[in-house]
>>> print(open('model_20.tsv').read())   # TSV, C-alpha atoms
chain	number	residue	atom	x	y	z
D	13	MET	CA	-46.29	-17.43	-56.56
D	14	ALA	CA	-44.16	-20.35	-57.81
D	15	ASN	CA	-43.75	-23.37	-55.59
D	16	PRO	CA	-40.18	-23.90	-54.29
D	17	PRO	CA	-38.34	-26.95	-55.75
D	18	LEU	CA	-38.57	-30.19	-53.79
D	19	LYS	CA	-35.58	-32.06	-52.41
D	20	ALA	CA	-35.51	-35.70	-51.34
D	21	VAL	CA	-33.95	-37.09	-48.17
D	22	THR	CA	-30.95	-38.80	-49.76
D	23	LEU	CA	-30.38	-41.13	-46.80
D	24	THR	CA	-32.83	-43.69	-48.20
D	25	HIS	CA	-33.63	-42.13	-51.59
D	26	VAL	CA	-32.24	-44.72	-54.02
D	27	ARG	CA	-33.59	-45.07	-57.57
D	28	TYR	CA	-33.19	-47.86	-60.11
D	29	THR	CA	-34.66	-48.66	-63.51
D	30	ARG	CA	-38.08	-50.27	-63.26
D	31	GLY	CA	-37.87	-53.98	-64.13
D	32	ASP	CA	-34.10	-54.16	-63.56
D	33	GLN	CA	-33.73	-56.96	-61.02
D	34	LEU	CA	-30.00	-56.41	-60.57
D	35	GLY	CA	-30.63	-52.70	-60.09
D	36	HIS	CA	-33.29	-53.51	-57.49
D	37	PHE	CA	-30.85	-55.75	-55.62
D	38	LEU	CA	-28.08	-53.16	-55.78
D	39	ALA	CA	-30.46	-50.44	-54.58
D	40	TRP	CA	-30.93	-52.44	-51.38
D	41	ILE	CA	-27.17	-53.04	-51.17
D	42	SER	CA	-26.73	-49.27	-51.41
D	43	LEU	CA	-28.71	-48.97	-48.17
D	44	VAL	CA	-26.36	-51.22	-46.19
D	45	PRO	CA	-24.63	-48.20	-44.54
D	46	VAL	CA	-28.04	-47.12	-43.21
D	47	PHE	CA	-28.69	-50.60	-41.81
D	48	ILE	CA	-25.25	-50.71	-40.17
D	49	THR	CA	-25.77	-47.31	-38.57
D	50	PHE	CA	-29.26	-47.80	-37.17
D	51	ALA	CA	-29.63	-51.57	-36.81
D	52	GLY	CA	-25.98	-52.14	-35.92
D	53	PHE	CA	-24.53	-49.33	-33.85
D	54	LEU	CA	-27.79	-48.15	-32.28
D	55	SER	CA	-28.75	-51.64	-31.11
D	56	HIS	CA	-25.14	-52.24	-30.03
D	57	PHE	CA	-25.28	-49.19	-27.79
D	58	ILE	CA	-28.69	-50.11	-26.35
D	59	PHE	CA	-27.83	-53.72	-25.55
D	60	ARG	CA	-24.03	-53.84	-25.22
D	61	ARG	CA	-22.68	-50.40	-24.16
D	62	GLU	CA	-19.21	-51.36	-25.40
D	63	LEU	CA	-16.71	-48.50	-25.55
D	64	GLN	CA	-14.91	-50.10	-28.50
D	65	GLY	CA	-18.17	-50.09	-30.48
D	66	MET	CA	-18.99	-46.53	-29.45
D	67	PHE	CA	-15.61	-45.24	-30.59
D	68	PHE	CA	-16.00	-47.30	-33.77
D	69	ALA	CA	-19.19	-45.30	-34.41
D	70	LEU	CA	-17.43	-42.04	-33.53
D	71	GLY	CA	-14.87	-42.87	-36.20
D	72	PHE	CA	-17.67	-43.12	-38.75
D	73	LEU	CA	-18.89	-39.64	-37.81
D	74	ILE	CA	-15.37	-38.23	-38.20
D	75	SER	CA	-14.98	-40.03	-41.54
D	76	GLN	CA	-18.27	-38.67	-42.87
D	77	PHE	CA	-17.40	-35.15	-41.70
D	78	ILE	CA	-14.11	-35.37	-43.61
D	79	ASN	CA	-16.01	-36.69	-46.64
D	80	GLU	CA	-18.40	-33.72	-46.64
D	81	LEU	CA	-15.50	-31.32	-46.13
D	82	ILE	CA	-13.67	-32.72	-49.17
D	83	LYS	CA	-16.82	-32.76	-51.30
D	84	THR	CA	-17.53	-29.13	-50.46
D	85	SER	CA	-13.93	-28.15	-51.23
D	86	VAL	CA	-13.47	-30.13	-54.47
D	87	GLN	CA	-17.08	-29.72	-55.73
D	88	GLN	CA	-16.78	-32.41	-58.40
D	89	SER	CA	-20.08	-33.05	-60.18
D	90	ARG	CA	-21.80	-36.40	-60.27
D	91	PRO	CA	-22.18	-38.23	-63.63
D	92	GLU	CA	-24.80	-37.02	-66.14
D	93	THR	CA	-27.29	-39.58	-64.82
D	94	CYS	CA	-27.72	-37.36	-61.77
D	95	VAL	CA	-30.48	-35.53	-63.70
D	96	GLN	CA	-32.73	-38.61	-63.66
D	97	LEU	CA	-31.76	-39.35	-60.07
D	98	GLU	CA	-32.41	-35.75	-58.94
D	99	MET	CA	-28.95	-35.65	-57.35
D	100	CYS	CA	-27.21	-32.94	-59.36
D	101	ASP	CA	-27.40	-30.50	-56.46
D	102	SER	CA	-24.85	-32.56	-54.48
D	103	HIS	CA	-21.20	-33.35	-55.18
D	104	GLY	CA	-19.79	-36.78	-55.99
D	105	TRP	CA	-16.08	-36.95	-55.10
D	106	PRO	CA	-15.36	-38.94	-53.01
D	107	SER	CA	-18.31	-41.34	-52.67
D	108	SER	CA	-19.55	-41.30	-49.07
D	109	HIS	CA	-21.19	-44.74	-49.41
D	110	SER	CA	-17.95	-46.29	-50.64
D	111	GLN	CA	-15.93	-44.50	-47.96
D	112	TYR	CA	-18.33	-45.64	-45.24
D	113	MET	CA	-18.25	-49.31	-46.22
D	114	PHE	CA	-14.48	-49.54	-46.68
D	115	PHE	CA	-13.95	-47.76	-43.37
D	116	PHE	CA	-16.17	-50.41	-41.80
D	117	ALA	CA	-14.46	-53.31	-43.59
D	118	ILE	CA	-10.87	-52.35	-42.67
D	119	TYR	CA	-11.70	-51.44	-39.07
D	120	PHE	CA	-13.68	-54.65	-38.57
D	121	THR	CA	-10.85	-56.68	-40.12
D	122	LEU	CA	-8.22	-55.15	-37.83
D	123	LEU	CA	-10.47	-55.58	-34.80
D	124	THR	CA	-11.03	-59.25	-35.65
D	125	TYR	CA	-7.30	-59.78	-36.19
D	126	ARG	CA	-6.55	-58.21	-32.81
D	127	LYS	CA	-9.11	-60.50	-31.16
D	128	SER	CA	-7.68	-63.54	-32.93
D	129	ARG	CA	-4.23	-62.74	-31.49
D	130	LEU	CA	-5.74	-62.62	-27.99
D	131	ASN	CA	-7.41	-65.96	-28.66
D	132	ARG	CA	-4.22	-67.79	-29.62
D	133	GLY	CA	-3.80	-70.77	-27.34
D	134	ASN	CA	-7.36	-70.36	-26.05
D	135	ASN	CA	-9.07	-73.71	-26.57
D	136	GLY	CA	-12.41	-72.22	-25.61
D	137	ASP	CA	-12.60	-70.12	-28.77
D	138	ASN	CA	-14.90	-72.05	-31.08
D	139	ASP	CA	-16.10	-69.19	-33.25
D	140	GLY	CA	-12.82	-68.00	-34.79
D	141	ASP	CA	-13.74	-69.19	-38.28
D	142	LEU	CA	-17.17	-67.60	-37.95
D	143	LYS	CA	-15.61	-64.22	-37.14
D	144	TRP	CA	-13.46	-64.37	-40.26
D	145	ALA	CA	-16.54	-65.35	-42.28
D	146	PHE	CA	-18.15	-62.10	-41.12
D	147	VAL	CA	-15.00	-60.23	-42.18
D	148	LEU	CA	-15.34	-61.73	-45.66
D	149	ILE	CA	-19.00	-60.67	-45.76
D	150	ALA	CA	-17.99	-57.12	-44.80
D	151	TRP	CA	-15.56	-56.89	-47.74
D	152	VAL	CA	-18.10	-58.39	-50.16
D	153	LEU	CA	-20.68	-55.83	-49.06
D	154	ALA	CA	-18.12	-53.04	-49.41
D	155	LEU	CA	-17.31	-54.07	-52.99
D	156	LEU	CA	-21.00	-54.50	-53.87
D	157	THR	CA	-21.82	-51.08	-52.41
D	158	MET	CA	-19.03	-49.50	-54.44
D	159	TYR	CA	-20.28	-51.22	-57.60
D	160	SER	CA	-23.91	-50.30	-56.88
D	161	ARG	CA	-23.15	-46.58	-56.76
D	162	VAL	CA	-21.67	-46.74	-60.26
D	163	TYR	CA	-24.28	-49.13	-61.68
D	164	LEU	CA	-27.17	-47.01	-60.40
D	165	GLY	CA	-25.61	-43.85	-61.81
D	166	TYR	CA	-24.84	-41.98	-58.60
D	167	HIS	CA	-21.05	-41.93	-59.02
D	168	THR	CA	-18.21	-42.45	-61.47
D	169	MET	CA	-15.58	-45.14	-61.01
D	170	ALA	CA	-13.06	-42.53	-59.92
D	171	GLN	CA	-15.43	-41.24	-57.23
D	172	VAL	CA	-16.10	-44.65	-55.68
D	173	PHE	CA	-12.42	-45.64	-55.79
D	174	ALA	CA	-11.49	-42.38	-54.08
D	175	GLY	CA	-14.08	-43.12	-51.40
D	176	ALA	CA	-12.74	-46.66	-50.95
D	177	VAL	CA	-9.10	-45.55	-50.58
D	178	LEU	CA	-10.01	-42.73	-48.19
D	179	GLY	CA	-12.26	-45.05	-46.17
D	180	MET	CA	-9.51	-47.67	-45.77
D	181	PHE	CA	-6.94	-45.05	-44.80
D	182	LEU	CA	-9.22	-43.39	-42.23
D	183	GLY	CA	-10.42	-46.75	-40.89
D	184	ALA	CA	-6.87	-48.02	-40.32
D	185	TRP	CA	-5.79	-44.68	-38.83
D	186	TRP	CA	-8.78	-44.51	-36.48
D	187	PHE	CA	-8.23	-48.12	-35.35
D	188	TRP	CA	-4.65	-47.21	-34.45
D	189	VAL	CA	-5.84	-44.12	-32.55
D	190	VAL	CA	-8.48	-46.08	-30.60
D	191	THR	CA	-6.17	-49.03	-29.85
D	192	ASN	CA	-3.01	-47.13	-28.95
D	193	VAL	CA	-4.28	-43.81	-27.60
D	194	LEU	CA	-7.96	-43.70	-26.66
D	195	SER	CA	-8.10	-47.18	-25.11
D	196	LYS	CA	-5.92	-45.87	-22.28
D	197	ILE	CA	-8.83	-43.75	-21.03
D	198	PHE	CA	-11.38	-46.59	-21.26
D	199	PRO	CA	-10.88	-47.52	-17.55
D	200	VAL	CA	-11.43	-43.86	-16.62
D	201	ILE	CA	-14.67	-43.77	-18.61
D	202	GLU	CA	-15.82	-47.04	-17.03
D	203	GLU	CA	-15.26	-45.71	-13.52
D	204	SER	CA	-16.75	-42.26	-14.20
D	205	ALA	CA	-20.22	-41.26	-13.00
D	206	LEU	CA	-21.49	-41.35	-16.59
D	207	GLY	CA	-19.92	-44.75	-17.19
D	208	ARG	CA	-21.53	-46.20	-14.07
D	209	MET	CA	-24.89	-44.62	-14.90
D	210	PHE	CA	-25.04	-46.11	-18.42
D	211	TYR	CA	-23.04	-49.30	-17.66
D	212	LEU	CA	-20.34	-48.42	-20.20
D	213	LYS	CA	-17.67	-51.09	-20.41
D	214	ASP	CA	-14.59	-52.23	-22.27
D	215	THR	CA	-14.13	-55.93	-23.02
D	216	SER	CA	-11.44	-55.56	-25.68
D	217	HIS	CA	-8.90	-57.13	-23.29
D	218	ILE	CA	-11.01	-60.31	-22.95
D	219	ALA	CA	-10.03	-62.99	-25.45
D	220	ASN	CA	-13.49	-64.52	-25.92
D	221	VAL	CA	-16.27	-62.22	-24.70
D	222	MET	CA	-19.06	-64.63	-25.59
D	223	LYS	CA	-17.48	-67.47	-23.58
D	224	PHE	CA	-16.69	-65.06	-20.72
D	225	GLU	CA	-20.32	-63.92	-20.50
D	226	TYR	CA	-21.60	-67.47	-20.93
D	227	ASP	CA	-19.42	-68.81	-18.10
D	228	ASN	CA	-20.36	-65.92	-15.79
D	229	ALA	CA	-24.08	-66.29	-16.56
D	230	ARG	CA	-23.92	-70.01	-15.71
D	231	ALA	CA	-21.96	-69.31	-12.53
D	232	ALA	CA	-24.49	-66.67	-11.43
D	233	ARG	CA	-27.39	-69.05	-12.08
D	234	LYS	CA	-25.72	-71.76	-9.99
D	235	VAL	CA	-25.19	-69.31	-7.12
D	236	MET	CA	-28.86	-68.27	-7.26
D	237	ALA	CA	-29.95	-71.91	-7.38
D	238	GLU	CA	-27.86	-72.69	-4.29
D	239	LYS	CA	-29.39	-69.77	-2.39
D	240	THR	CA	-32.93	-70.99	-3.10
D	241	HIS	CA	-32.22	-74.46	-1.65
>>> encode(input="model_20.tsv", output="structure tokens")
Amino acid sequence: MANPPLKAVTLTHVRYTRGDQLGHFLAWISLVPVFITFAGFLSHFIFRRELQGMFFALGFLISQFINELIKTSVQQSRPETCVQLEMCDSHGWPSSHSQYMFFFAIYFTLLTYRKSRLNRGNNGDNDGDLKWAFVLIAWVLALLTMYSRVYLGYHTMAQVFAGAVLGMFLGAWWFWVVTNVLSKIFPVIEESALGRMFYLKDTSHIANVMKFEYDNARAARKVMAEKTH
């Protein structure tokens, strides 16, 4: 009886040419979406419980579902290098990695811009430039991820560009939906039994969350110190 063919878990299955230092670097870059998902959104939920971040993550799920739907419908093959990469059994248009990163970059940019408008005239905001530095890093990572998928042989240029355009469109659309539609139910979620149980909160209306939490933490410590004396 013949053994059934093996299939790799493509989530972290990235190959590059042995000895190719640039390929090695780009292979790690290609894993950035995995790091954002597990190290970013998972830790954000555990430690922050922010509704904005949770709906940001929900947007990613919707984006990836649309990506798989399009891939299944179009069924465009990957480049010929898919034989070496053992990826010929999956479709390539549009690139999900490229779509993921450009969704992240545009949403994060719009979120930072919205926060910067709230911070206008707020002298306590000392990290505005740092936030925009992170925005720049997000776009650099998006471009590097797009390039890595072509360089490593997983996609064609057309496939990664299609992913980038679709990711930016969906990211901007989902930001509009969250900001103008879904944010109206954030107070309801906060006051719900589930919201109270898991301490779900919305701080998108606060200009500088870090300063707000810092000031409140100091005030609480002073109150506790007064009670002990």
>>> residues_around(input="model_20.tsv", residues="Ser89 in chain D", least_positions_apart="2", cutoff="8 Å", atoms="only C-alpha atoms", output="compact mmCIF listing (two decimals) with C-alpha atoms, in the frame of the given file")
# COMPACT_ATOMS: atom_id res chain seq x y z
CA GLN D 87 -17.08 -29.72 -55.73
CA PRO D 91 -22.18 -38.23 -63.63
CA CYS D 100 -27.21 -32.94 -59.36
CA SER D 102 -24.85 -32.56 -54.48
CA HIS D 103 -21.20 -33.35 -55.18
CA GLY D 104 -19.79 -36.78 -55.99
CA TRP D 105 -16.08 -36.95 -55.10
>>> residues_around(input="model_20.tsv", residues="range 34-38 of chain D", least_positions_apart="2", cutoff="12 Å", atoms="only C-alpha atoms", output="list in words")
Val26, Arg27, Tyr28, Thr29, Arg30, Gly31, Asp32, Trp40, Ile41, Ser42, Leu43, Val44, Leu153, Ala154, Leu155, Leu156, Thr157, Met158, Tyr159, Ser160, Arg161, Val162, Tyr163, Leu164, Gly165 and Tyr166 of chain D
>>> residues_around(input="model_20.tsv", residues="Asn79 in chain D", least_positions_apart="4", cutoff="7 Å", atoms="all atoms listed in the file", output="list of chain:residue names")
D:Ser75, D:Lys83, D:Pro106, D:Ser108
>>> write_last_selection(input="model_20.tsv", atoms="C-alpha atoms", output="PDB file, in the coordinates of the input")
ATOM      1  CA  SER D  75     -14.980 -40.030 -41.540  1.00  0.00           C
ATOM      2  CA  LYS D  83     -16.820 -32.760 -51.300  1.00  0.00           C
ATOM      3  CA  PRO D 106     -15.360 -38.940 -53.010  1.00  0.00           C
ATOM      4  CA  SER D 108     -19.550 -41.300 -49.070  1.00  0.00           C
TER       5      SER D 108
END
>>> closest_residue(input="model_20.tsv", among="D:Gln64, D:Phe59, D:Thr121, D:Gly175", to="Ile82 in chain D", atoms="only C-alpha atoms")
D:Gly175
>>> residues_around(input="model_20.tsv", residues="Leu178 in chain D", least_positions_apart="5", cutoff="12 Å", atoms="all atoms listed in the file", output="list in words")
Ser75, Gln76, Ile78, Asn79, Ile82, Trp105, Pro106, Ser107, Ser108, His109, Ser110, Gln111, Tyr112, Met113, Phe114, Phe115, Phe116, Ile118, Gln171, Val172, Phe173, Gly183, Ala184, Trp185 and Trp186 of chain D
>>> atom_distance(input="model_20.tsv", atom1="CA of Leu81 in chain D", atom2="CA of Asp101 in chain D")
15.8 Å
>>> atom_distance(input="model_20.tsv", atom1="CA of His25 in chain D", atom2="CA of Phe120 in chain D")
26.9 Å
>>> atom_distance(input="model_20.tsv", atom1="CA of Lys143 in chain D", atom2="CA of Tyr226 in chain D")
17.6 Å
>>> closest_residue(input="model_20.tsv", among="D:Met66, D:Met236, D:Ile74, D:Ala174", to="Gly52 in chain D", atoms="all atoms listed in the file")
D:Met66
>>> build_atoms(input="model_20.tsv", residues="range 172-183 of chain D", atoms="all heavy atoms", output="PDB file, keeping the file's coordinate frame")
ATOM      1  N   VAL D 172     -15.962 -43.556 -56.644  1.00  0.00           N
ATOM      2  CA  VAL D 172     -16.100 -44.650 -55.680  1.00  0.00           C
ATOM      3  C   VAL D 172     -14.735 -45.191 -55.247  1.00  0.00           C
ATOM      4  O   VAL D 172     -14.562 -45.596 -54.095  1.00  0.00           O
ATOM      5  CB  VAL D 172     -16.991 -45.795 -56.221  1.00  0.00           C
ATOM      6  CG1 VAL D 172     -18.411 -45.317 -56.441  1.00  0.00           C
ATOM      7  CG2 VAL D 172     -16.421 -46.400 -57.502  1.00  0.00           C
ATOM      8  N   PHE D 173     -13.760 -45.192 -56.164  1.00  0.00           N
ATOM      9  CA  PHE D 173     -12.420 -45.640 -55.790  1.00  0.00           C
ATOM     10  C   PHE D 173     -11.781 -44.666 -54.806  1.00  0.00           C
ATOM     11  O   PHE D 173     -11.091 -45.077 -53.868  1.00  0.00           O
ATOM     12  CB  PHE D 173     -11.541 -45.795 -57.034  1.00  0.00           C
ATOM     13  CG  PHE D 173     -11.619 -47.161 -57.653  1.00  0.00           C
ATOM     14  CD1 PHE D 173     -12.198 -47.342 -58.892  1.00  0.00           C
ATOM     15  CD2 PHE D 173     -11.123 -48.272 -56.983  1.00  0.00           C
ATOM     16  CE1 PHE D 173     -12.289 -48.607 -59.463  1.00  0.00           C
ATOM     17  CE2 PHE D 173     -11.208 -49.546 -57.539  1.00  0.00           C
ATOM     18  CZ  PHE D 173     -11.791 -49.709 -58.793  1.00  0.00           C
ATOM     19  N   ALA D 174     -12.015 -43.380 -55.026  1.00  0.00           N
ATOM     20  CA  ALA D 174     -11.490 -42.380 -54.080  1.00  0.00           C
ATOM     21  C   ALA D 174     -12.111 -42.587 -52.705  1.00  0.00           C
ATOM     22  O   ALA D 174     -11.410 -42.506 -51.680  1.00  0.00           O
ATOM     23  CB  ALA D 174     -11.799 -40.975 -54.603  1.00  0.00           C
ATOM     24  N   GLY D 175     -13.404 -42.857 -52.670  1.00  0.00           N
ATOM     25  CA  GLY D 175     -14.080 -43.120 -51.400  1.00  0.00           C
ATOM     26  C   GLY D 175     -13.526 -44.361 -50.716  1.00  0.00           C
ATOM     27  O   GLY D 175     -13.334 -44.378 -49.493  1.00  0.00           O
ATOM     28  N   ALA D 176     -13.259 -45.412 -51.511  1.00  0.00           N
ATOM     29  CA  ALA D 176     -12.740 -46.660 -50.950  1.00  0.00           C
ATOM     30  C   ALA D 176     -11.353 -46.463 -50.336  1.00  0.00           C
ATOM     31  O   ALA D 176     -11.082 -46.907 -49.219  1.00  0.00           O
ATOM     32  CB  ALA D 176     -12.683 -47.737 -52.034  1.00  0.00           C
ATOM     33  N   VAL D 177     -10.474 -45.783 -51.067  1.00  0.00           N
ATOM     34  CA  VAL D 177      -9.100 -45.550 -50.580  1.00  0.00           C
ATOM     35  C   VAL D 177      -9.123 -44.680 -49.324  1.00  0.00           C
ATOM     36  O   VAL D 177      -8.440 -44.970 -48.333  1.00  0.00           O
ATOM     37  CB  VAL D 177      -8.251 -44.884 -51.675  1.00  0.00           C
ATOM     38  CG1 VAL D 177      -6.897 -44.454 -51.112  1.00  0.00           C
ATOM     39  CG2 VAL D 177      -8.059 -45.839 -52.848  1.00  0.00           C
ATOM     40  N   LEU D 178      -9.918 -43.611 -49.353  1.00  0.00           N
ATOM     41  CA  LEU D 178     -10.010 -42.730 -48.190  1.00  0.00           C
ATOM     42  C   LEU D 178     -10.607 -43.458 -46.994  1.00  0.00           C
ATOM     43  O   LEU D 178     -10.152 -43.293 -45.855  1.00  0.00           O
ATOM     44  CB  LEU D 178     -10.851 -41.494 -48.534  1.00  0.00           C
ATOM     45  CG  LEU D 178     -10.977 -40.427 -47.437  1.00  0.00           C
ATOM     46  CD1 LEU D 178      -9.598 -39.909 -47.027  1.00  0.00           C
ATOM     47  CD2 LEU D 178     -11.859 -39.280 -47.923  1.00  0.00           C
ATOM     48  N   GLY D 179     -11.623 -44.292 -47.242  1.00  0.00           N
ATOM     49  CA  GLY D 179     -12.260 -45.050 -46.170  1.00  0.00           C
ATOM     50  C   GLY D 179     -11.291 -46.022 -45.514  1.00  0.00           C
ATOM     51  O   GLY D 179     -11.246 -46.138 -44.282  1.00  0.00           O
ATOM     52  N   MET D 180     -10.492 -46.730 -46.321  1.00  0.00           N
ATOM     53  CA  MET D 180      -9.510 -47.670 -45.770  1.00  0.00           C
ATOM     54  C   MET D 180      -8.435 -46.950 -44.976  1.00  0.00           C
ATOM     55  O   MET D 180      -8.028 -47.413 -43.906  1.00  0.00           O
ATOM     56  CB  MET D 180      -8.894 -48.517 -46.887  1.00  0.00           C
ATOM     57  CG  MET D 180      -9.835 -49.569 -47.446  1.00  0.00           C
ATOM     58  SD  MET D 180      -9.011 -50.742 -48.566  1.00  0.00           S
ATOM     59  CE  MET D 180      -8.722 -49.681 -49.984  1.00  0.00           C
ATOM     60  N   PHE D 181      -7.971 -45.815 -45.512  1.00  0.00           N
ATOM     61  CA  PHE D 181      -6.940 -45.050 -44.800  1.00  0.00           C
ATOM     62  C   PHE D 181      -7.466 -44.548 -43.459  1.00  0.00           C
ATOM     63  O   PHE D 181      -6.809 -44.719 -42.420  1.00  0.00           O
ATOM     64  CB  PHE D 181      -6.482 -43.868 -45.663  1.00  0.00           C
ATOM     65  CG  PHE D 181      -5.593 -42.910 -44.918  1.00  0.00           C
ATOM     66  CD1 PHE D 181      -4.259 -43.214 -44.693  1.00  0.00           C
ATOM     67  CD2 PHE D 181      -6.099 -41.716 -44.423  1.00  0.00           C
ATOM     68  CE1 PHE D 181      -3.430 -42.338 -43.990  1.00  0.00           C
ATOM     69  CE2 PHE D 181      -5.291 -40.828 -43.715  1.00  0.00           C
ATOM     70  CZ  PHE D 181      -3.960 -41.149 -43.501  1.00  0.00           C
ATOM     71  N   LEU D 182      -8.663 -43.933 -43.470  1.00  0.00           N
ATOM     72  CA  LEU D 182      -9.220 -43.390 -42.230  1.00  0.00           C
ATOM     73  C   LEU D 182      -9.576 -44.502 -41.244  1.00  0.00           C
ATOM     74  O   LEU D 182      -9.408 -44.344 -40.034  1.00  0.00           O
ATOM     75  CB  LEU D 182     -10.457 -42.550 -42.543  1.00  0.00           C
ATOM     76  CG  LEU D 182     -10.201 -41.225 -43.269  1.00  0.00           C
ATOM     77  CD1 LEU D 182     -11.524 -40.549 -43.628  1.00  0.00           C
ATOM     78  CD2 LEU D 182      -9.344 -40.295 -42.418  1.00  0.00           C
ATOM     79  N   GLY D 183     -10.067 -45.636 -41.759  1.00  0.00           N
ATOM     80  CA  GLY D 183     -10.420 -46.750 -40.890  1.00  0.00           C
ATOM     81  C   GLY D 183      -9.203 -47.315 -40.172  1.00  0.00           C
ATOM     82  O   GLY D 183      -9.244 -47.585 -38.969  1.00  0.00           O
TER      83      GLY D 183
END
